[in-house]
Structure formats: C-alpha cells, structure tokens
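Below is entry-v1.csv, which holds CSV, C-alpha atoms.
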```csv
chain,number,residue,atom,x,y,z
F,1,MET,CA,123.1,2.5,-53.1
F,2,ALA,CA,125.5,0.9,-55.4
F,3,LEU,CA,126.0,-2.8,-55.7
F,4,HIS,CA,129.1,-4.3,-54.1
F,5,ILE,CA,129.7,-8.1,-54.5
F,6,ASN,CA,132.0,-9.8,-52.1
F,7,SER,CA,132.5,-13.6,-51.5
F,8,GLY,CA,129.1,-14.4,-53.1
F,9,CYS,CA,127.3,-11.8,-50.9
F,10,PHE,CA,125.3,-9.0,-52.2
F,11,THR,CA,125.5,-5.6,-50.5
F,12,VAL,CA,123.9,-2.8,-52.3
F,13,MET,CA,126.0,-0.1,-52.6
F,14,GLY,CA,109.1,16.8,-58.1
F,15,HIS,CA,107.3,18.8,-57.5
F,16,CYS,CA,106.1,18.8,-53.9
F,17,ARG,CA,103.7,20.3,-51.5
F,18,VAL,CA,105.0,21.1,-48.0
F,19,GLN,CA,103.8,21.1,-44.4
F,20,ARG,CA,105.5,22.7,-41.5
F,21,VAL,CA,106.4,20.3,-38.8
F,22,LYS,CA,108.3,20.4,-35.5
F,23,ALA,CA,110.4,17.7,-34.0
F,24,VAL,CA,111.0,17.7,-30.2
F,25,ALA,CA,114.5,16.9,-29.3
F,26,SER,CA,115.4,14.4,-26.6
F,27,GLU,CA,115.8,15.5,-23.0
F,28,GLY,CA,118.8,17.7,-22.4
F,29,SER,CA,118.7,19.0,-26.0
F,30,ALA,CA,117.1,22.2,-27.4
F,31,ASN,CA,113.9,21.9,-29.4
F,32,VAL,CA,114.6,22.1,-33.1
F,33,THR,CA,112.3,23.2,-35.9
F,34,VAL,CA,112.6,21.1,-39.0
F,35,GLU,CA,112.1,22.4,-42.5
F,36,ASP,CA,109.1,21.6,-44.5
F,37,LYS,CA,108.3,17.9,-45.1
F,38,LEU,CA,108.2,17.0,-48.8
F,39,LYS,CA,105.5,15.3,-50.7
F,40,LEU,CA,107.2,12.4,-52.4
F,41,GLY,CA,106.5,12.7,-56.1
F,42,GLY,CA,102.8,12.4,-56.9
F,43,SER,CA,102.1,10.2,-53.9
F,44,ASP,CA,100.5,11.3,-50.7
F,45,LEU,CA,103.6,10.3,-48.7
F,46,LYS,CA,105.4,13.1,-46.9
F,47,VAL,CA,109.0,12.7,-45.8
F,48,SER,CA,111.7,14.8,-44.1
F,49,THR,CA,113.7,17.1,-46.3
F,50,ILE,CA,116.8,15.0,-45.5
F,51,GLY,CA,116.6,11.3,-44.8
F,52,ILE,CA,119.0,8.7,-43.4
F,53,GLY,CA,120.5,5.8,-45.2
F,54,ALA,CA,120.9,2.6,-43.3
F,55,TRP,CA,123.2,0.8,-45.7
F,56,SER,CA,125.9,0.5,-43.1
F,57,TRP,CA,123.7,-0.9,-40.4
F,58,GLY,CA,124.6,-4.6,-39.9
F,59,ASP,CA,126.9,-4.7,-42.9
F,60,THR,CA,130.2,-6.6,-42.8
F,61,THR,CA,131.2,-6.5,-46.5
F,62,TYR,CA,131.8,-2.7,-47.2
F,63,TRP,CA,131.4,-0.8,-43.9
F,64,ASN,CA,132.4,-1.3,-40.3
F,65,ASN,CA,135.8,-2.8,-41.0
F,66,PHE,CA,134.2,-6.1,-42.0
F,67,GLN,CA,132.7,-6.8,-38.6
F,68,TRP,CA,129.5,-6.1,-36.6
F,69,ASN,CA,129.3,-6.2,-32.9
F,70,ASP,CA,127.3,-4.8,-29.9
F,71,ARG,CA,129.2,-1.6,-30.0
F,72,ASN,CA,128.3,-1.1,-33.7
F,73,GLU,CA,124.6,-1.8,-32.9
F,74,LYS,CA,124.6,0.7,-30.1
F,75,ALA,CA,126.1,3.4,-32.3
F,76,ALA,CA,123.5,2.7,-35.0
F,77,ARG,CA,120.7,2.8,-32.5
F,78,ASP,CA,122.0,6.1,-31.2
F,79,ALA,CA,122.2,7.4,-34.8
F,80,PHE,CA,118.5,6.4,-35.3
F,81,ASN,CA,117.3,8.1,-32.2
F,82,THR,CA,119.2,11.2,-32.8
F,83,SER,CA,117.9,11.3,-36.4
F,84,ILE,CA,114.3,11.0,-35.1
F,85,ASP,CA,114.9,13.6,-32.4
F,86,GLY,CA,116.2,16.0,-35.1
F,87,GLY,CA,113.2,15.5,-37.4
F,88,LEU,CA,115.1,13.4,-39.9
F,89,THR,CA,112.4,10.8,-39.9
F,90,PHE,CA,112.8,9.3,-43.4
F,91,ILE,CA,114.9,6.1,-43.1
F,92,ASP,CA,116.0,4.1,-46.1
F,93,THR,CA,117.0,0.4,-45.9
F,94,ALA,CA,117.0,-2.6,-48.2
F,95,GLU,CA,116.6,-6.4,-47.9
F,96,VAL,CA,120.3,-6.9,-49.0
F,97,TYR,CA,121.8,-4.5,-46.5
F,98,GLY,CA,123.6,-6.6,-43.9
F,99,SER,CA,122.8,-9.7,-45.9
F,100,GLY,CA,122.7,-12.9,-44.0
F,101,LEU,CA,125.0,-14.4,-46.6
F,102,ALA,CA,127.9,-12.3,-45.1
F,103,PHE,CA,129.7,-13.6,-42.0
F,104,GLY,CA,128.7,-11.8,-38.9
F,105,ALA,CA,126.2,-9.5,-40.6
F,106,VAL,CA,122.8,-8.5,-39.2
F,107,ASN,CA,120.1,-7.5,-41.7
F,108,SER,CA,119.6,-3.7,-41.7
F,109,GLU,CA,115.8,-4.2,-41.9
F,110,THR,CA,115.9,-6.3,-38.8
F,111,LEU,CA,117.9,-3.6,-37.0
F,112,LEU,CA,115.6,-0.8,-38.1
F,113,GLY,CA,112.5,-2.7,-37.1
F,114,ARG,CA,114.1,-3.3,-33.7
F,115,PHE,CA,115.0,0.4,-33.2
F,116,ILE,CA,111.5,1.5,-34.2
F,117,LYS,CA,109.8,-1.0,-31.9
F,118,GLU,CA,112.1,0.2,-29.0
F,119,ARG,CA,111.3,3.8,-29.7
F,120,LYS,CA,107.6,3.3,-29.9
F,121,GLN,CA,107.6,1.7,-26.4
F,122,LYS,CA,108.8,5.0,-25.1
F,123,ASP,CA,106.9,7.3,-27.6
F,124,PRO,CA,103.9,5.5,-29.1
F,125,ASN,CA,103.2,8.5,-31.4
F,126,VAL,CA,106.6,8.7,-33.0
F,127,GLU,CA,106.5,9.0,-36.8
F,128,VAL,CA,109.0,7.2,-39.0
F,129,GLU,CA,108.8,7.1,-42.8
F,130,VAL,CA,110.3,3.7,-43.7
F,131,ALA,CA,111.6,2.9,-47.2
F,132,THR,CA,113.0,-0.4,-48.2
F,133,LYS,CA,114.0,-2.1,-51.5
F,134,PHE,CA,113.5,-5.2,-53.6
F,135,ALA,CA,116.6,-6.9,-55.0
F,136,ALA,CA,116.1,-7.7,-58.7
F,137,LEU,CA,118.2,-10.9,-58.5
F,138,PRO,CA,118.3,-12.9,-61.8
F,139,TRP,CA,116.3,-15.8,-60.4
F,140,ARG,CA,113.4,-13.7,-59.3
F,141,LEU,CA,110.7,-13.6,-61.9
F,142,GLY,CA,107.4,-11.9,-62.2
F,143,ARG,CA,105.1,-9.8,-60.0
F,144,GLU,CA,104.8,-12.5,-57.3
F,145,SER,CA,108.5,-12.3,-56.6
F,146,VAL,CA,108.1,-8.7,-55.6
F,147,LEU,CA,105.2,-9.4,-53.2
F,148,SER,CA,107.0,-12.4,-51.7
F,149,ALA,CA,110.1,-10.3,-51.1
F,150,LEU,CA,108.1,-7.5,-49.6
F,151,LYS,CA,106.4,-9.8,-47.2
F,152,ASP,CA,109.8,-11.1,-46.1
F,153,SER,CA,110.9,-7.5,-45.6
F,154,LEU,CA,107.8,-6.7,-43.5
F,155,ASP,CA,108.5,-9.7,-41.3
F,156,ARG,CA,112.1,-8.5,-40.7
F,157,LEU,CA,110.8,-5.0,-40.0
F,158,GLU,CA,108.0,-6.3,-37.8
F,159,MET,CA,105.5,-4.1,-39.7
F,160,THR,CA,102.3,-4.7,-41.7
F,161,SER,CA,103.2,-2.1,-44.3
F,162,VAL,CA,106.0,0.3,-45.3
F,163,ASP,CA,105.8,3.8,-46.6
F,164,LEU,CA,108.0,3.4,-49.7
F,165,TYR,CA,108.9,0.2,-51.6
F,166,GLN,CA,111.5,0.5,-54.3
F,167,LEU,CA,113.1,-1.7,-57.0
F,168,HIS,CA,116.7,-1.5,-56.0
F,169,TRP,CA,118.1,-1.8,-59.5
F,170,PRO,CA,116.6,-2.8,-62.9
F,171,GLY,CA,116.5,-6.5,-63.5
F,172,VAL,CA,118.3,-8.3,-66.3
F,173,TRP,CA,114.9,-9.3,-67.5
F,174,GLY,CA,111.3,-9.2,-66.2
F,175,ASN,CA,111.1,-5.5,-65.3
F,176,GLU,CA,107.5,-5.2,-66.4
F,177,GLY,CA,106.6,-7.9,-64.0
F,178,TYR,CA,108.5,-6.1,-61.2
F,179,ILE,CA,106.6,-2.9,-61.9
F,180,ASP,CA,103.3,-4.8,-61.8
F,181,GLY,CA,104.4,-6.2,-58.5
F,182,LEU,CA,104.9,-2.6,-57.2
F,183,GLY,CA,101.4,-1.7,-58.3
F,184,ASP,CA,100.0,-4.8,-56.7
F,185,ALA,CA,101.7,-3.9,-53.4
F,186,VAL,CA,100.0,-0.5,-53.4
F,187,GLN,CA,96.6,-2.0,-54.2
F,188,LYS,CA,96.9,-4.6,-51.4
F,189,GLY,CA,97.7,-1.8,-48.9
F,190,LEU,CA,101.2,-3.2,-48.2
F,191,VAL,CA,102.9,0.1,-49.2
F,192,LYS,CA,101.9,3.8,-49.3
F,193,ALA,CA,104.1,4.7,-52.3
F,194,VAL,CA,106.5,3.0,-54.7
F,195,GLY,CA,109.7,4.0,-56.4
F,196,VAL,CA,112.7,2.7,-58.3
F,197,SER,CA,116.5,3.0,-57.9
F,198,ASN,CA,119.4,3.3,-60.3
F,199,TYR,CA,117.0,3.7,-63.2
F,200,SER,CA,118.1,5.4,-66.4
F,201,GLU,CA,115.9,8.0,-68.0
F,202,ASN,CA,114.3,5.6,-70.5
F,203,ARG,CA,113.6,2.9,-67.8
F,204,LEU,CA,112.2,5.6,-65.5
F,205,ARG,CA,109.8,6.9,-68.2
F,206,GLU,CA,108.7,3.3,-68.9
F,207,ALA,CA,108.0,2.6,-65.3
F,208,TYR,CA,106.2,5.8,-64.9
F,209,LYS,CA,103.9,5.1,-67.8
F,210,GLN,CA,103.2,1.5,-66.7
F,211,LEU,CA,102.1,2.5,-63.2
F,212,LYS,CA,100.2,5.5,-64.5
F,213,LYS,CA,97.9,3.1,-66.5
F,214,ARG,CA,96.8,1.8,-63.1
F,215,GLY,CA,96.4,5.2,-61.6
F,216,ILE,CA,99.5,4.8,-59.4
F,217,PRO,CA,102.2,7.4,-59.3
F,218,LEU,CA,105.9,6.6,-59.4
F,219,ALA,CA,107.0,8.5,-56.4
F,220,SER,CA,110.8,8.4,-56.6
F,221,ASN,CA,114.0,7.3,-58.3
F,222,GLN,CA,116.9,6.8,-55.9
F,223,VAL,CA,120.3,7.4,-57.6
F,224,ASN,CA,123.9,8.2,-56.8
F,225,TYR,CA,124.0,12.1,-56.7
F,226,SER,CA,126.4,14.5,-55.1
F,227,LEU,CA,128.4,17.6,-55.8
F,228,ILE,CA,131.1,15.4,-57.3
F,229,TYR,CA,128.8,12.9,-59.0
F,230,ARG,CA,126.3,14.8,-61.0
F,231,VAL,CA,125.6,12.1,-63.6
F,232,PRO,CA,121.8,12.3,-63.0
F,233,GLU,CA,122.0,15.9,-64.4
F,234,GLU,CA,124.0,14.7,-67.4
F,235,ASN,CA,122.1,11.5,-68.4
F,236,GLY,CA,118.6,13.1,-68.3
F,237,VAL,CA,117.4,11.4,-65.0
F,238,LYS,CA,117.2,14.7,-63.0
F,239,LYS,CA,115.3,16.4,-65.9
F,240,ALA,CA,112.9,13.5,-66.3
F,241,CYS,CA,112.2,13.5,-62.5
F,242,ASP,CA,111.4,17.2,-62.5
F,243,GLU,CA,109.3,16.9,-65.6
F,244,LEU,CA,107.2,13.9,-64.4
F,245,GLY,CA,107.0,15.0,-60.8
F,246,ILE,CA,109.1,12.1,-59.5
F,247,THR,CA,111.3,12.9,-56.4
F,248,LEU,CA,115.0,12.2,-56.8
F,249,ILE,CA,116.4,10.5,-53.7
F,250,ALA,CA,120.1,11.0,-53.6
F,251,TYR,CA,122.2,8.2,-52.1
F,252,SER,CA,125.9,8.8,-51.3
F,253,PRO,CA,125.2,12.6,-51.1
F,254,ILE,CA,128.5,13.3,-49.4
F,255,ALA,CA,130.4,10.8,-51.6
F,256,GLN,CA,130.7,8.1,-48.9
F,257,GLY,CA,132.3,10.6,-46.6
F,258,VAL,CA,134.8,12.2,-49.1
F,259,LEU,CA,133.0,15.5,-49.1
F,260,THR,CA,133.3,15.8,-45.3
F,261,GLY,CA,137.0,16.9,-45.7
F,262,LYS,CA,138.0,14.0,-43.4
F,263,TYR,CA,140.1,12.3,-46.1
F,264,THR,CA,143.2,13.6,-47.7
F,265,PRO,CA,145.8,12.2,-50.2
F,266,ARG,CA,147.8,11.1,-47.2
F,267,ASN,CA,144.8,9.8,-45.4
F,268,PRO,CA,142.5,8.1,-47.9
F,269,PRO,CA,139.5,6.0,-46.9
F,270,SER,CA,140.1,2.4,-45.8
F,271,GLY,CA,138.6,-0.7,-47.2
F,272,PRO,CA,136.8,-0.8,-50.5
F,273,ARG,CA,136.3,3.0,-50.6
F,274,GLY,CA,140.1,3.4,-50.8
F,275,ARG,CA,140.0,1.8,-54.2
F,276,ILE,CA,137.5,4.3,-55.4
F,277,TYR,CA,138.7,7.5,-53.8
F,278,THR,CA,142.4,7.2,-54.4
F,279,PRO,CA,145.1,9.6,-53.3
F,280,GLU,CA,145.3,10.8,-56.9
F,281,PHE,CA,141.6,11.6,-56.9
F,282,LEU,CA,141.7,13.3,-53.5
F,283,THR,CA,144.6,15.5,-54.7
F,284,LYS,CA,142.4,16.8,-57.5
F,285,LEU,CA,139.5,17.3,-55.0
F,286,GLN,CA,141.4,19.7,-52.8
F,287,PRO,CA,140.5,23.1,-54.4
F,288,LEU,CA,136.8,22.2,-54.2
F,289,LEU,CA,137.1,21.0,-50.6
F,290,LYS,CA,138.9,24.2,-49.7
F,291,LYS,CA,136.1,26.3,-51.2
F,292,ILE,CA,133.4,24.2,-49.4
F,293,THR,CA,135.3,24.9,-46.1
F,294,GLU,CA,135.4,28.6,-46.8
F,295,ILE,CA,131.7,28.8,-47.5
F,296,GLY,CA,131.0,26.7,-44.4
F,297,GLU,CA,133.0,29.2,-42.3
F,298,LYS,CA,130.7,32.0,-43.5
F,299,TYR,CA,127.6,30.2,-42.2
F,300,ASN,CA,129.3,28.5,-39.3
F,301,LYS,CA,128.6,25.1,-41.0
F,302,THR,CA,130.7,22.0,-41.7
F,303,SER,CA,131.7,20.8,-45.1
F,304,THR,CA,129.1,18.0,-44.7
F,305,GLN,CA,126.4,20.5,-44.1
F,306,VAL,CA,127.4,22.6,-47.1
F,307,SER,CA,127.5,19.6,-49.4
F,308,LEU,CA,124.0,18.4,-48.3
F,309,ASN,CA,122.6,22.0,-48.6
F,310,TRP,CA,124.0,22.2,-52.2
F,311,LEU,CA,121.9,19.1,-53.1
F,312,VAL,CA,118.7,20.4,-51.4
F,313,ALA,CA,119.2,23.7,-53.4
F,314,GLN,CA,118.8,21.7,-56.6
F,315,GLY,CA,115.1,21.3,-55.9
F,316,ASN,CA,113.1,18.0,-55.9
F,317,VAL,CA,116.0,16.2,-54.2
F,318,VAL,CA,116.0,14.3,-50.9
F,319,PRO,CA,119.5,13.4,-49.8
F,320,ILE,CA,119.9,10.3,-47.6
F,321,PRO,CA,123.4,10.4,-46.1
F,322,GLY,CA,124.4,7.3,-44.1
F,323,ALA,CA,124.5,7.7,-40.3
F,324,LYS,CA,126.7,5.3,-38.4
F,325,THR,CA,126.8,7.4,-35.2
F,326,ALA,CA,124.7,9.9,-33.3
F,327,GLU,CA,127.3,12.6,-34.0
F,328,GLN,CA,126.8,12.1,-37.8
F,329,ALA,CA,123.0,12.3,-37.5
F,330,GLU,CA,123.3,15.5,-35.5
F,331,GLU,CA,125.5,17.0,-38.1
F,332,PHE,CA,123.2,16.2,-40.9
F,333,LYS,CA,120.4,18.1,-39.2
F,334,GLY,CA,122.5,21.2,-39.4
F,335,ALA,CA,122.3,21.1,-43.2
F,336,LEU,CA,118.7,22.4,-42.9
F,337,GLY,CA,117.3,25.8,-41.8
F,338,TRP,CA,119.5,27.9,-44.2
F,339,ARG,CA,120.4,28.2,-47.8
F,340,LEU,CA,123.4,28.7,-50.0
F,341,THR,CA,123.1,31.6,-52.4
F,342,ASN,CA,122.6,31.0,-56.1
F,343,GLU,CA,126.1,32.3,-56.6
F,344,GLU,CA,127.6,29.9,-54.1
F,345,VAL,CA,125.7,27.0,-55.7
F,346,ALA,CA,127.1,27.9,-59.1
F,347,GLU,CA,130.6,28.4,-57.8
F,348,LEU,CA,130.7,25.0,-56.2
F,349,ARG,CA,129.3,23.4,-59.4
F,350,SER,CA,132.0,25.2,-61.5
F,351,LEU,CA,134.8,23.9,-59.3
F,352,ALA,CA,133.3,20.4,-59.1
F,353,SER,CA,133.0,20.3,-62.9
F,354,LYS,CA,136.8,20.2,-63.2
F,355,ILE,CA,136.9,16.9,-61.4
F,356,LYS,CA,136.3,13.7,-63.4
F,357,PRO,CA,133.7,11.7,-61.4
F,358,VAL,CA,134.4,8.2,-60.1
F,359,ILE,CA,132.7,5.2,-61.8
F,360,GLY,CA,129.1,4.8,-60.7
F,361,PHE,CA,126.7,1.9,-60.5
F,362,PRO,CA,127.0,0.2,-64.0
F,363,VAL,CA,123.2,-0.4,-64.4
F,364,GLU,CA,122.6,3.4,-64.5
F,365,LYS,CA,123.4,3.1,-68.2
F,366,LEU,CA,121.0,0.2,-69.0
```

Take the structure in the file and give it back as structure tokens.
Amino acid sequence: MALHINSGCFTVMGHCRVQRVKAVASEGSANVTVEDKLKLGGSDLKVSTIGIGAWSWGDTTYWNNFQWNDRNEKAARDAFNTSIDGGLTFIDTAEVYGSGLAFGAVNSETLLGRFIKERKQKDPNVEVEVATKFAALPWRLGRESVLSALKDSLDRLEMTSVDLYQLHWPGVWGNEGYIDGLGDAVQKGLVKAVGVSNYSENRLREAYKQLKKRGIPLASNQVNYSLIYRVPEENGVKKACDELGITLIAYSPIAQGVLTGKYTPRNPPSGPRGRIYTPEFLTKLQPLLKKITEIGEKYNKTSTQVSLNWLVAQGNVVPIPGAKTAEQAEEFKGALGWRLTNEEVAELRSLASKIKPVIGFPVEKL
C-alpha cells in the first residue's frame, strides 16, 4: 500500500505452477470451487489467485472515518471468514497498518492473528497464507532490524512463522542490509518466502541478484496496479517481474473503490481519498466505468469483478483488494471462474489510457 502520514503516524498506504483446490463454504452457502492456486515467484509458497488486503483493519488515519470500534472489528472478522470460506486465503497485512501511534487504532496484525486463532478453534485444518511487511523507517539500520521487526510482527500475529515477509518500501539507506535480513529470516525458518514492495525496476533487480547469491528466490514485488494505474507496465516493473519469475502483487487493484462505480462526480469518496479522486477526475472516468458496466452485464458480473478479472488476465499478477465487510469479500470471489476475452481486455486498456493516472507512491521512482 501507499504511505500516508497523519499527525506523526505512519499508515502504509511469474511464472507459476498451479494446483487445483476446493474451498468449502460456510454452512448455509453453496460449495465453491476456487481457481488454481499460484506458486509465488520462484518460492515454494502457493497462494490464492486473489488475496485480501488488510490495510483498513484497525486503521483510524485513512479508513473507517477515523475511528475503530467493535462494529468495525465484527465487520472485519466477517470479511476474513467470508474470504476463507470463498477460497481467498492469502491475507496481506503490515506492521504499520492500524499503527499504535494513531488514536483508537488497533494493529492489523493483531486483528489478523486473532481472527486466525478463532477460526482454527473451529477448524484446526484451515489454511491461511499470511503476508506481512517490514517498515523501512530511517532509524532502522542493518539486517538485525529486519529480524527484530519480524519477531515483533510474529508476536502480534501469535505465530512462529509467516508465509511471506516483505520490505514495505525501499529505505533511504541501508537497503542491502534489509535484503540480507530477509535472507536471514528464510534461513532461520521464520518465513517461507520473501518479497519487496514499491520497488522500482532497478531496485527490484538488485534485490533479486543479492538474494540469488544465497540461493533464495525473490518471490514478489507488491505495487500499486489497477486498470487506471498501470505505472508498473510503463516503468519496467511488470516486465522485470515476468522476466525474473517474480510475482507482482497488486495493491489498490480497484483504485480504493473508485472502479466499483460507487463514486460519481457528485458523490466522490470521503476523507483522504476525496483529495485524490476528485470530481474532475471522476468526470473523466465515466466513459471507462460505463464500458466496465456494459461488459459486466454480459457476464452477470459487477464492475469490481470485471476490474479484478482484468488484472488477473495480465498474467503473473495477484490482486489483493481490501475487504472491510463480508459483502465485499463475497464480491471479490466472483472475479474468479471466468475470463474476459482478449478483445475486452484491450478495449478496457484503450479507454483507460485516455485517463491521466493519479499520483502514486513517490518511492516507486527511487
């Protein structure tokens, strides 16, 4: 996710082999067959074709109208369980989501660990692929800082290891030490796979080479990528991921809700998102949203499902839309099990290319 700073608090805004899996829905729902699980980059970790982002869980600086309460937690818990029931078992969080520095916030890792623990009490065999991230804060130096932060994350998650550990963004300095720390985490058995986030092509290649010397694959690069934010295609990141066998994990895959069709020039998003997705921008977006709706009607799919399917169609991409409610998680599941035609993919790209993208996370250019 991108970095958002508010009142001194940080909130962070491949090639693959596949295996057929089935997820059994909760009582009262029909069973659902989930698409192939993806092998994340060159690692042995397999994750669901679409994951879930937990940026909003516990957050009070960007989401949830600046407050977190029992109702929000229940909604997040329901979103988690619905995701797991639907086979969306790859959950991405970070140590800075729901930062304790923010008034009323609850750490997202703490919530995810709680939800998994509760779920395992009912279903001991449930599988969840957990990803979390290291914040490259300026005062953190060297490989030991990565291991120390990882152990703190594991304590909050109440786990002895995680599936994927990522550098949330490149550091101002000390990146070689951070990469060494990722390698150490693998060798100590604290993680199954490692990745980076918001890395440019050059930084991505450097990280890949450094880990390769130790025989450790760089599994993923998590970046902002959607139909209306295709910078990874333009700056060489997507091409490098495909070339090196690194999975691209797409955060904000529905542009923080803008591609759902929920928002209009007269009804823009509230809070910080309203400063990004302005009425002027939403006006320019209408032809694309209209076409997404038309295509969705053909398949009996929503605009959200069409937008996610477009990303999956790019290949070597795992979208991780944020789920605040069970209804959202259920909708995301409907993005799987079908495919846009090549012509539809191209038509949407053509319309989207006429829209100037919003400003992304600045470190993408480092």

Determine, counting all atoms listed in the file, which protein, DNA and RNA residues have an atom within 8 Å of an atom of region 293-295 of chain F; residues of the same chain fewer than 4 positions away are not included. Present the result as a ChimeraX atom specification. /F:289,299,302-303,306,344

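Using all atoms listed in the file, the smallest distance between any of F:Gly53, F:Pro287, F:Gly86, F:Gly215 and Asp184 (chain F) comes from F:Gly215.
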
With only C-alpha atoms as the basis for distance, which of F:Val317, F:Ile228, F:Val186, F:Leu248 is at the shortest distance from Asn198 (chain F)?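 The shortest atom-to-atom distance to Asn198 (chain F) comes from F:Leu248.
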
Which residue is closest to Thr93 (chain F)? Choose from F:Ile179, F:Leu157, F:Val196, F:Val146 and count all atoms listed in the file. F:Leu157

Rounded to one decimal, what separation in Å do you get between CA of Asn224 (chain F) and CA of Cys241 (chain F)?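 The value is 14.1 Å.
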
Taking only C-alpha atoms into account, name the residue in F:Ala326, F:Pro279, F:Gly257, F:Arg77 that is nearest to Ser226 (chain F).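 Closest to Ser226 (chain F) of all the choices is F:Gly257.
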
Students should find that CA of Ile116 (chain F) and CA of Ala255 (chain F) are spaced 27.3 Å

How would region 43-57 of chain F look with N, CA, C and O atoms restored, written as an mmCIF file, in the coordinates of the input?
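Everything below was put into out.cif:
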```
data_model
loop_
_atom_site.group_PDB
_atom_site.id
_atom_site.type_symbol
_atom_site.label_atom_id
_atom_site.label_comp_id
_atom_site.auth_asym_id
_atom_site.auth_seq_id
_atom_site.Cartn_x
_atom_site.Cartn_y
_atom_site.Cartn_z
ATOM 1 N N SER F 43 102.750 10.971 -54.954
ATOM 2 C CA SER F 43 102.100 10.200 -53.900
ATOM 3 C C SER F 43 101.606 11.094 -52.793
ATOM 4 O O SER F 43 101.859 12.291 -52.789
ATOM 5 N N ASP F 44 100.925 10.499 -51.837
ATOM 6 C CA ASP F 44 100.500 11.300 -50.700
ATOM 7 C C ASP F 44 101.477 11.179 -49.518
ATOM 8 O O ASP F 44 101.257 11.763 -48.456
ATOM 9 N N LEU F 45 102.561 10.451 -49.722
ATOM 10 C CA LEU F 45 103.600 10.300 -48.700
ATOM 11 C C LEU F 45 104.399 11.531 -48.495
ATOM 12 O O LEU F 45 104.908 12.092 -49.473
ATOM 13 N N LYS F 46 104.561 11.984 -47.256
ATOM 14 C CA LYS F 46 105.400 13.100 -46.900
ATOM 15 C C LYS F 46 106.603 12.643 -46.118
ATOM 16 O O LYS F 46 106.438 11.869 -45.177
ATOM 17 N N VAL F 47 107.784 13.114 -46.497
ATOM 18 C CA VAL F 47 109.000 12.700 -45.800
ATOM 19 C C VAL F 47 109.841 13.888 -45.437
ATOM 20 O O VAL F 47 109.638 14.992 -45.929
ATOM 21 N N SER F 48 110.786 13.674 -44.550
ATOM 22 C CA SER F 48 111.700 14.800 -44.100
ATOM 23 C C SER F 48 112.544 15.217 -45.271
ATOM 24 O O SER F 48 112.865 14.449 -46.182
ATOM 25 N N THR F 49 112.938 16.477 -45.242
ATOM 26 C CA THR F 49 113.700 17.100 -46.300
ATOM 27 C C THR F 49 115.038 16.365 -46.546
ATOM 28 O O THR F 49 115.533 16.264 -47.663
ATOM 29 N N ILE F 50 115.625 15.879 -45.476
ATOM 30 C CA ILE F 50 116.800 15.000 -45.500
ATOM 31 C C ILE F 50 116.452 13.729 -44.809
ATOM 32 O O ILE F 50 115.843 13.756 -43.735
ATOM 33 N N GLY F 51 116.809 12.608 -45.404
ATOM 34 C CA GLY F 51 116.600 11.300 -44.800
ATOM 35 C C GLY F 51 117.877 10.721 -44.274
ATOM 36 O O GLY F 51 118.918 11.369 -44.259
ATOM 37 N N ILE F 52 117.806 9.470 -43.878
ATOM 38 C CA ILE F 52 119.000 8.700 -43.400
ATOM 39 C C ILE F 52 119.084 7.421 -44.121
ATOM 40 O O ILE F 52 118.107 6.681 -44.237
ATOM 41 N N GLY F 53 120.279 7.122 -44.616
ATOM 42 C CA GLY F 53 120.500 5.800 -45.200
ATOM 43 C C GLY F 53 121.043 4.831 -44.235
ATOM 44 O O GLY F 53 121.937 5.142 -43.447
ATOM 45 N N ALA F 54 120.492 3.617 -44.270
ATOM 46 C CA ALA F 54 120.900 2.600 -43.300
ATOM 47 C C ALA F 54 121.683 1.463 -43.967
ATOM 48 O O ALA F 54 121.674 0.322 -43.500
ATOM 49 N N TRP F 55 122.399 1.799 -45.031
ATOM 50 C CA TRP F 55 123.200 0.800 -45.700
ATOM 51 C C TRP F 55 124.244 0.183 -44.805
ATOM 52 O O TRP F 55 124.493 -1.024 -44.846
ATOM 53 N N SER F 56 124.855 0.973 -43.952
ATOM 54 C CA SER F 56 125.900 0.500 -43.100
ATOM 55 C C SER F 56 125.457 -0.355 -41.924
ATOM 56 O O SER F 56 126.241 -1.109 -41.333
ATOM 57 N N TRP F 57 124.189 -0.237 -41.566
ATOM 58 C CA TRP F 57 123.700 -0.900 -40.400
ATOM 59 C C TRP F 57 123.706 -2.418 -40.572
ATOM 60 O O TRP F 57 123.018 -2.964 -41.431
#
```
